[in-house]
file input19.tsv (TSV, N, CA and C atoms and all ligand atoms)
chain	number	residue	atom	x	y	z
A	172	MET	N	61.23	182.48	63.33
A	172	MET	CA	62.68	182.32	63.54
A	172	MET	C	63.27	181.22	62.65
A	173	ASN	N	62.50	180.16	62.55
A	173	ASN	CA	63.00	179.01	61.80
A	173	ASN	C	63.37	179.35	60.36
A	174	HIS	N	62.54	180.16	59.72
A	174	HIS	CA	62.84	180.43	58.30
A	174	HIS	C	64.09	181.27	58.15
A	175	ILE	N	64.42	182.07	59.14
A	175	ILE	CA	65.65	182.87	59.07
A	175	ILE	C	66.88	181.96	59.12
A	176	LYS	N	66.82	180.97	59.99
A	176	LYS	CA	67.90	179.98	60.09
A	176	LYS	C	68.10	179.29	58.75
A	177	THR	N	66.97	178.90	58.14
A	177	THR	CA	67.03	178.18	56.87
A	177	THR	C	67.75	179.02	55.81
A	178	VAL	N	67.42	180.30	55.77
A	178	VAL	CA	68.05	181.18	54.80
A	178	VAL	C	69.56	181.26	55.03
A	179	ALA	N	69.93	181.35	56.31
A	179	ALA	CA	71.35	181.43	56.65
A	179	ALA	C	72.08	180.18	56.17
A	180	ILE	N	71.45	179.01	56.38
A	180	ILE	CA	72.09	177.75	55.95
A	180	ILE	C	72.19	177.71	54.42
A	181	ALA	N	71.11	178.13	53.76
A	181	ALA	CA	71.10	178.12	52.30
A	181	ALA	C	72.23	179.01	51.76
A	182	LEU	N	72.43	180.14	52.39
A	182	LEU	CA	73.49	181.05	51.94
A	182	LEU	C	74.87	180.40	52.14
A	183	ALA	N	75.04	179.74	53.28
A	183	ALA	CA	76.32	179.09	53.57
A	183	ALA	C	76.60	178.01	52.53
A	184	VAL	N	75.58	177.22	52.22
A	184	VAL	CA	75.74	176.14	51.23
A	184	VAL	C	76.03	176.73	49.85
A	185	ALA	N	75.32	177.82	49.52
A	185	ALA	CA	75.51	178.43	48.20
A	185	ALA	C	76.93	178.99	48.06
A	186	ALA	N	77.50	179.45	49.16
A	186	ALA	CA	78.83	180.04	49.10
A	186	ALA	C	79.92	178.98	48.92
A	187	THR	N	79.62	177.76	49.34
A	187	THR	CA	80.64	176.72	49.34
A	187	THR	C	81.18	176.38	47.94
A	188	PRO	N	80.30	176.17	46.94
A	188	PRO	CA	80.86	175.80	45.62
A	188	PRO	C	81.82	176.83	45.07
A	189	ALA	N	81.58	178.11	45.38
A	189	ALA	CA	82.47	179.17	44.90
A	189	ALA	C	83.88	178.97	45.46
A	190	ALA	N	83.93	178.60	46.76
A	190	ALA	CA	85.22	178.36	47.39
A	190	ALA	C	85.93	177.19	46.73
A	191	PHE	N	85.19	176.12	46.46
A	191	PHE	CA	85.78	174.94	45.81
A	191	PHE	C	86.28	175.29	44.41
A	192	ALA	N	85.48	176.07	43.69
A	192	ALA	CA	85.84	176.43	42.32
A	192	ALA	C	87.15	177.21	42.32
A	193	ALA	N	87.29	178.14	43.26
A	193	ALA	CA	88.52	178.92	43.35
A	193	ALA	C	89.70	178.01	43.62
A	194	GLY	N	89.50	177.04	44.49
A	194	GLY	CA	90.56	176.11	44.83
A	194	GLY	C	91.00	175.29	43.63
A	195	SER	N	90.05	174.78	42.87
A	195	SER	CA	90.42	173.93	41.74
A	195	SER	C	91.04	174.75	40.61
A	196	MET	N	90.67	176.02	40.52
A	196	MET	CA	91.32	176.86	39.50
A	196	MET	C	92.80	177.05	39.82
A	197	ASP	N	93.10	177.21	41.12
A	197	ASP	CA	94.50	177.30	41.53
A	197	ASP	C	95.24	176.05	41.10
A	198	GLY	N	94.62	174.90	41.32
A	198	GLY	CA	95.23	173.61	40.96
A	198	GLY	C	95.52	173.56	39.47
A	199	MET	N	94.57	174.05	38.67
A	199	MET	CA	94.77	174.01	37.21
A	199	MET	C	95.92	174.91	36.79
A	200	ASP	N	96.03	176.04	37.44
A	200	ASP	CA	97.14	176.94	37.13
A	200	ASP	C	98.47	176.26	37.40
A	201	MET	N	98.55	175.56	38.53
A	201	MET	CA	99.78	174.85	38.89
A	201	MET	C	100.13	173.80	37.84
A	202	LYS	N	99.11	173.05	37.43
A	202	LYS	CA	99.31	171.99	36.45
A	202	LYS	C	99.83	172.59	35.14
A	203	GLY	N	99.22	173.72	34.75
A	203	GLY	CA	99.66	174.38	33.53
A	203	GLY	C	101.13	174.76	33.60
A	204	MET	N	101.56	175.19	34.80
A	204	MET	CA	102.96	175.58	34.96
A	204	MET	C	103.88	174.36	34.87
A	205	ASP	N	103.42	173.25	35.47
A	205	ASP	CA	104.21	172.01	35.42
A	205	ASP	C	104.46	171.57	33.98
A	206	MET	N	103.48	171.82	33.13
A	206	MET	CA	103.57	171.28	31.77
A	206	MET	C	104.44	172.13	30.85
A	207	LYS	N	104.81	173.30	31.31
A	207	LYS	CA	105.73	174.11	30.51
A	207	LYS	C	107.08	173.42	30.43
A	208	PRO	N	107.61	173.25	29.24
A	208	PRO	CA	108.90	172.56	29.14
A	208	PRO	C	110.01	173.39	29.78
A	209	SER	N	110.86	172.73	30.50
A	209	SER	CA	112.02	173.40	31.08
A	209	SER	C	113.21	172.46	30.97
A	210	ALA	N	114.38	173.01	31.06
A	210	ALA	CA	115.59	172.20	30.93
A	210	ALA	C	115.68	171.18	32.06
A	211	GLU	N	115.17	171.55	33.22
A	211	GLU	CA	115.34	170.68	34.38
A	211	GLU	C	114.38	169.50	34.41
A	212	SER	N	113.13	169.73	34.06
A	212	SER	CA	112.19	168.61	34.04
A	212	SER	C	111.24	168.75	32.87
A	213	GLN	N	111.24	167.76	32.00
A	213	GLN	CA	110.38	167.82	30.83
A	213	GLN	C	108.98	167.37	31.15
A	214	HIS	N	108.83	166.57	32.22
A	214	HIS	CA	107.50	166.16	32.65
A	214	HIS	C	107.51	166.01	34.16
A	215	ALA	N	106.34	166.21	34.74
A	215	ALA	CA	106.24	166.13	36.20
A	215	ALA	C	106.30	164.67	36.63
A	216	THR	N	107.23	164.37	37.51
A	216	THR	CA	107.26	163.04	38.10
A	216	THR	C	106.65	163.13	39.49
A	217	ARG	N	105.69	162.27	39.73
A	217	ARG	CA	105.03	162.28	41.04
A	217	ARG	C	105.22	160.93	41.70
A	218	PRO	N	105.38	160.94	43.04
A	218	PRO	CA	105.50	159.66	43.75
A	218	PRO	C	104.23	158.83	43.57
A	219	VAL	N	104.44	157.53	43.35
A	219	VAL	CA	103.34	156.60	43.11
A	219	VAL	C	103.36	155.55	44.23
A	220	ALA	N	102.20	155.25	44.77
A	220	ALA	CA	102.11	154.21	45.81
A	220	ALA	C	102.38	152.84	45.19
A	221	ALA	N	103.18	152.03	45.88
A	221	ALA	CA	103.53	150.71	45.37
A	221	ALA	C	103.82	149.76	46.52
A	222	GLU	N	103.80	148.48	46.21
A	222	GLU	CA	104.17	147.46	47.19
A	222	GLU	C	105.27	146.61	46.58
A	223	ILE	N	106.31	146.37	47.38
A	223	ILE	CA	107.44	145.59	46.88
A	223	ILE	C	107.07	144.11	46.89
A	224	LYS	N	107.13	143.49	45.72
A	224	LYS	CA	106.80	142.08	45.59
A	224	LYS	C	108.07	141.23	45.60
A	225	LYS	N	109.13	141.78	45.03
A	225	LYS	CA	110.36	141.02	44.92
A	225	LYS	C	111.54	141.98	44.75
A	226	ILE	N	112.67	141.63	45.36
A	226	ILE	CA	113.87	142.43	45.19
A	226	ILE	C	114.96	141.54	44.62
A	227	ASP	N	115.59	141.99	43.54
A	227	ASP	CA	116.75	141.29	42.99
A	227	ASP	C	117.92	142.27	43.04
A	228	ALA	N	118.61	142.26	44.19
A	228	ALA	CA	119.69	143.21	44.42
A	228	ALA	C	120.83	143.00	43.42
A	229	GLN	N	121.10	141.74	43.06
A	229	GLN	CA	122.17	141.41	42.11
A	229	GLN	C	121.92	142.10	40.76
A	230	ALA	N	120.69	141.98	40.28
A	230	ALA	CA	120.35	142.55	38.98
A	230	ALA	C	119.97	144.03	39.09
A	231	GLY	N	119.81	144.52	40.35
A	231	GLY	CA	119.38	145.91	40.54
A	231	GLY	C	117.96	146.13	40.08
A	232	LYS	N	117.13	145.11	40.36
A	232	LYS	CA	115.73	145.22	39.93
A	232	LYS	C	114.78	145.01	41.09
A	233	VAL	N	113.63	145.64	40.98
A	233	VAL	CA	112.59	145.48	41.99
A	233	VAL	C	111.26	145.25	41.28
A	234	THR	N	110.52	144.26	41.79
A	234	THR	CA	109.18	144.01	41.25
A	234	THR	C	108.18	144.73	42.13
A	235	LEU	N	107.42	145.62	41.52
A	235	LEU	CA	106.47	146.46	42.25
A	235	LEU	C	105.05	146.25	41.75
A	236	LYS	N	104.13	146.18	42.73
A	236	LYS	CA	102.71	146.30	42.39
A	236	LYS	C	102.42	147.78	42.52
A	237	HIS	N	102.32	148.47	41.40
A	237	HIS	CA	102.24	149.94	41.45
A	237	HIS	C	100.90	150.48	40.96
A	238	GLY	N	100.59	151.67	41.45
A	238	GLY	CA	99.41	152.40	40.97
A	238	GLY	C	99.73	153.03	39.62
A	239	PRO	N	98.77	153.76	39.05
A	239	PRO	CA	99.00	154.39	37.75
A	239	PRO	C	100.20	155.35	37.80
A	240	ILE	N	101.08	155.26	36.80
A	240	ILE	CA	102.24	156.15	36.72
A	240	ILE	C	101.94	157.17	35.63
A	241	GLU	N	101.48	158.36	36.08
A	241	GLU	CA	101.01	159.37	35.14
A	241	GLU	C	102.08	159.80	34.14
A	242	ASN	N	103.28	160.05	34.63
A	242	ASN	CA	104.30	160.61	33.74
A	242	ASN	C	104.81	159.59	32.71
A	243	LEU	N	104.52	158.30	32.94
A	243	LEU	CA	104.90	157.29	31.94
A	243	LEU	C	103.68	156.79	31.16
A	244	GLY	N	102.49	157.28	31.53
A	244	GLY	CA	101.27	156.83	30.88
A	244	GLY	C	101.01	155.35	31.11
A	245	MET	N	101.38	154.86	32.31
A	245	MET	CA	101.26	153.42	32.60
A	245	MET	C	100.16	153.17	33.63
A	246	PRO	N	99.25	152.25	33.33
A	246	PRO	CA	98.21	151.95	34.32
A	246	PRO	C	98.78	151.12	35.47
A	247	ALA	N	97.96	150.91	36.48
A	247	ALA	CA	98.38	150.09	37.63
A	247	ALA	C	98.65	148.66	37.19
A	248	MET	N	99.73	148.08	37.70
A	248	MET	CA	100.08	146.69	37.37
A	248	MET	C	101.22	146.23	38.28
A	249	THR	N	101.59	144.96	38.13
A	249	THR	CA	102.75	144.44	38.84
A	249	THR	C	103.81	144.11	37.81
A	250	MET	N	105.00	144.66	37.99
A	250	MET	CA	106.08	144.44	37.01
A	250	MET	C	107.44	144.72	37.65
A	251	ALA	N	108.49	144.27	36.97
A	251	ALA	CA	109.85	144.49	37.46
A	251	ALA	C	110.42	145.75	36.83
A	252	PHE	N	111.12	146.52	37.65
A	252	PHE	CA	111.78	147.75	37.17
A	252	PHE	C	113.27	147.70	37.49
A	253	PRO	N	114.10	148.21	36.62
A	253	PRO	CA	115.48	148.50	37.04
A	253	PRO	C	115.46	149.67	38.03
A	254	VAL	N	116.43	149.69	38.93
A	254	VAL	CA	116.51	150.74	39.94
A	254	VAL	C	117.75	151.58	39.66
A	255	LYS	N	117.57	152.90	39.63
A	255	LYS	CA	118.67	153.80	39.30
A	255	LYS	C	119.80	153.64	40.31
A	256	ASP	N	119.45	153.67	41.60
A	256	ASP	CA	120.46	153.53	42.66
A	256	ASP	C	120.27	152.17	43.32
A	257	ARG	N	120.91	151.15	42.76
A	257	ARG	CA	120.65	149.79	43.23
A	257	ARG	C	121.13	149.55	44.66
A	258	THR	N	122.09	150.35	45.14
A	258	THR	CA	122.55	150.17	46.52
A	258	THR	C	121.43	150.50	47.52
A	259	ALA	N	120.47	151.33	47.09
A	259	ALA	CA	119.35	151.69	47.97
A	259	ALA	C	118.45	150.49	48.26
A	260	LEU	N	118.54	149.46	47.43
A	260	LEU	CA	117.66	148.29	47.60
A	260	LEU	C	117.89	147.58	48.93
A	261	LYS	N	119.09	147.73	49.48
A	261	LYS	CA	119.39	147.04	50.75
A	261	LYS	C	118.51	147.57	51.89
A	262	ASP	N	117.96	148.76	51.74
A	262	ASP	CA	117.12	149.35	52.79
A	262	ASP	C	115.67	148.86	52.72
A	263	PHE	N	115.37	148.00	51.73
A	263	PHE	CA	113.98	147.57	51.56
A	263	PHE	C	113.87	146.06	51.63
A	264	LYS	N	112.65	145.61	51.90
A	264	LYS	CA	112.40	144.17	51.88
A	264	LYS	C	111.06	143.90	51.19
A	265	GLU	N	110.89	142.64	50.80
A	265	GLU	CA	109.64	142.27	50.14
A	265	GLU	C	108.47	142.51	51.09
A	266	GLY	N	107.39	143.03	50.56
A	266	GLY	CA	106.20	143.33	51.35
A	266	GLY	C	106.13	144.77	51.82
A	267	ASP	N	107.23	145.54	51.66
A	267	ASP	CA	107.23	146.94	52.08
A	267	ASP	C	106.24	147.75	51.24
A	268	ALA	N	105.49	148.63	51.93
A	268	ALA	CA	104.66	149.61	51.23
A	268	ALA	C	105.53	150.84	51.01
A	269	VAL	N	105.62	151.28	49.76
A	269	VAL	CA	106.52	152.39	49.42
A	269	VAL	C	105.82	153.41	48.53
A	270	THR	N	106.47	154.55	48.37
A	270	THR	CA	106.12	155.45	47.28
A	270	THR	C	107.35	155.51	46.40
A	271	ALA	N	107.14	155.40	45.11
A	271	ALA	CA	108.26	155.37	44.17
A	271	ALA	C	108.06	156.42	43.09
A	272	VAL	N	109.19	156.97	42.64
A	272	VAL	CA	109.18	157.91	41.54
A	272	VAL	C	109.80	157.21	40.34
A	273	PHE	N	109.12	157.26	39.23
A	273	PHE	CA	109.56	156.56	38.02
A	273	PHE	C	109.92	157.56	36.94
A	274	ASP	N	110.89	157.19	36.14
A	274	ASP	CA	111.22	158.01	34.97
A	274	ASP	C	111.82	157.09	33.92
A	275	LYS	N	111.90	157.57	32.69
A	275	LYS	CA	112.51	156.77	31.64
A	275	LYS	C	114.00	157.07	31.58
A	276	ILE	N	114.80	156.02	31.71
A	276	ILE	CA	116.24	156.15	31.56
A	276	ILE	C	116.65	155.21	30.45
A	277	ASP	N	117.29	155.74	29.43
A	277	ASP	CA	117.62	154.97	28.23
A	277	ASP	C	116.39	154.27	27.67
A	278	GLY	N	115.26	154.97	27.72
A	278	GLY	CA	114.02	154.43	27.16
A	278	GLY	C	113.32	153.40	28.03
A	279	LYS	N	113.91	153.12	29.21
A	279	LYS	CA	113.30	152.10	30.08
A	279	LYS	C	112.69	152.74	31.31
A	280	ALA	N	111.47	152.30	31.66
A	280	ALA	CA	110.85	152.75	32.90
A	280	ALA	C	111.71	152.30	34.07
A	281	THR	N	112.17	153.27	34.86
A	281	THR	CA	113.15	153.01	35.92
A	281	THR	C	112.69	153.66	37.22
A	282	VAL	N	112.96	152.98	38.34
A	282	VAL	CA	112.71	153.59	39.65
A	282	VAL	C	113.86	154.54	39.93
A	283	VAL	N	113.56	155.84	40.03
A	283	VAL	CA	114.60	156.83	40.30
A	283	VAL	C	114.63	157.24	41.76
A	284	ASP	N	113.53	156.97	42.49
A	284	ASP	CA	113.54	157.23	43.93
A	284	ASP	C	112.47	156.36	44.57
A	285	MET	N	112.77	155.90	45.80
A	285	MET	CA	111.81	155.05	46.50
A	285	MET	C	111.91	155.32	47.99
A	286	GLN	N	110.77	155.50	48.63
A	286	GLN	CA	110.71	155.77	50.07
A	286	GLN	C	109.72	154.82	50.70
A	287	ARG	N	110.07	154.31	51.90
A	287	ARG	CA	109.11	153.51	52.64
A	287	ARG	C	108.03	154.45	53.15
A	288	LYS	N	106.78	153.99	53.13
A	288	LYS	CA	105.68	154.81	53.61
A	288	LYS	C	105.73	154.98	55.11
B	301	CU	CU	103.95	148.94	35.07

call {"tool": "encode", "arguments": {"input": "input19.tsv", "output": "structure tokens"}}
result
Amino acid sequence: MNHIKTVAIALAVAATPAAFAAGSMDGMDMKGMDMKPSAESQHATRPVAAEIKKIDAQAGKVTLKHGPIENLGMPAMTMAFPVKDRTALKDFKEGDAVTAVFDKIDGKATVVDMQRK
């Protein structure tokens, strides 16, 4: 009996990588679609985890300790960003954990959206 069980387990394990492979192929297809240029978005902007270090509401700037920003090719670091909608800064405080979306506006890396986690 024992060897039959073993075969069943081996088959289950063998089947698993196929399922994973199918899943990751779907992911690659999606990525390929994202990269197609379109009038609406030239590059995929994804929310990035960040922590608010400093808010300068007067200047409309926020200093963020941010993770890698793929669409800007920027590694993780702490830096100040201009904020597209500076009135939104009133909803945040220093120390908040947020997710932020970054994009280049007039050639400058800018926070275009920010949500508290
Ligand atoms: Cu940076």

call {"tool": "residues_near_ligand", "arguments": {"input": "input19.tsv", "ligand": "ligand CU 301 (chain B)", "cutoff": "10 Å", "atoms": "only C-alpha atoms and all ligand atoms", "output": "PyMOL selection string"}}
result
chain A and resi 234-240+243-252+273+280

call {"tool": "closest_residue", "arguments": {"input": "input19.tsv", "among": "A:Asn242, A:Met285, A:Phe263, A:Gly278", "to": "Ala215 of chain A", "atoms": "all atoms listed in the file"}}
result
A:Asn242

call {"tool": "atom_distance", "arguments": {"input": "input19.tsv", "atom1": "atom CA of Gln229 of chain A", "atom2": "atom N of Glu241 of chain A"}}
result
27.4 Å

call {"tool": "atom_distance", "arguments": {"input": "input19.tsv", "atom1": "atom CA of Ile276 of chain A", "atom2": "atom CA of Arg257 of chain A"}}
result
14.0 Å

call {"tool": "atom_distance", "arguments": {"input": "input19.tsv", "atom1": "atom CA of Arg217 of chain A", "atom2": "atom CA of Val272 of chain A"}}
result
6.0 Å

call {"tool": "axis_aligned_box", "arguments": {"input": "input19.tsv", "around": "segment 214-220 of chain A", "padding_each_side": "3 Å", "output": "JSON"}}
result
{"center_x": 105.5, "center_y": 159.7, "center_z": 39.0, "size_x": 12.7, "size_y": 19.7, "size_z": 19.6}

call {"tool": "closest_residue", "arguments": {"input": "input19.tsv", "among": "A:Thr216, A:Ala228, A:Lys288, A:Val254", "to": "Gly266 of chain A", "atoms": "only C-alpha atoms"}}
result
A:Lys288

call {"tool": "residues_around", "arguments": {"input": "input19.tsv", "residues": "Ala220 of chain A", "least_positions_apart": "2", "cutoff": "8 Å", "atoms": "only C-alpha atoms", "output": "PyMOL selection string"}}
result
chain A and resi 218+222+237-238+268-271

call {"tool": "closest_residue", "arguments": {"input": "input19.tsv", "among": "A:Lys232, A:Lys225, A:Arg287, A:Lys279", "to": "Asp262 of chain A", "atoms": "all atoms listed in the file"}}
result
A:Arg287

call {"tool": "residues_around", "arguments": {"input": "input19.tsv", "residues": "Asp267 of chain A", "least_positions_apart": "2", "cutoff": "6 Å", "atoms": "only C-alpha atoms", "output": "list of chain:residue names"}}
result
A:Glu222, A:Ile223, A:Lys264, A:Glu265

call {"tool": "residues_near_point", "arguments": {"input": "input19.tsv", "point": "(120.7, 146.7, 42.8)", "cutoff": "8 Å", "atoms": "all atoms listed in the file", "output": "count of residues only"}}
result
17
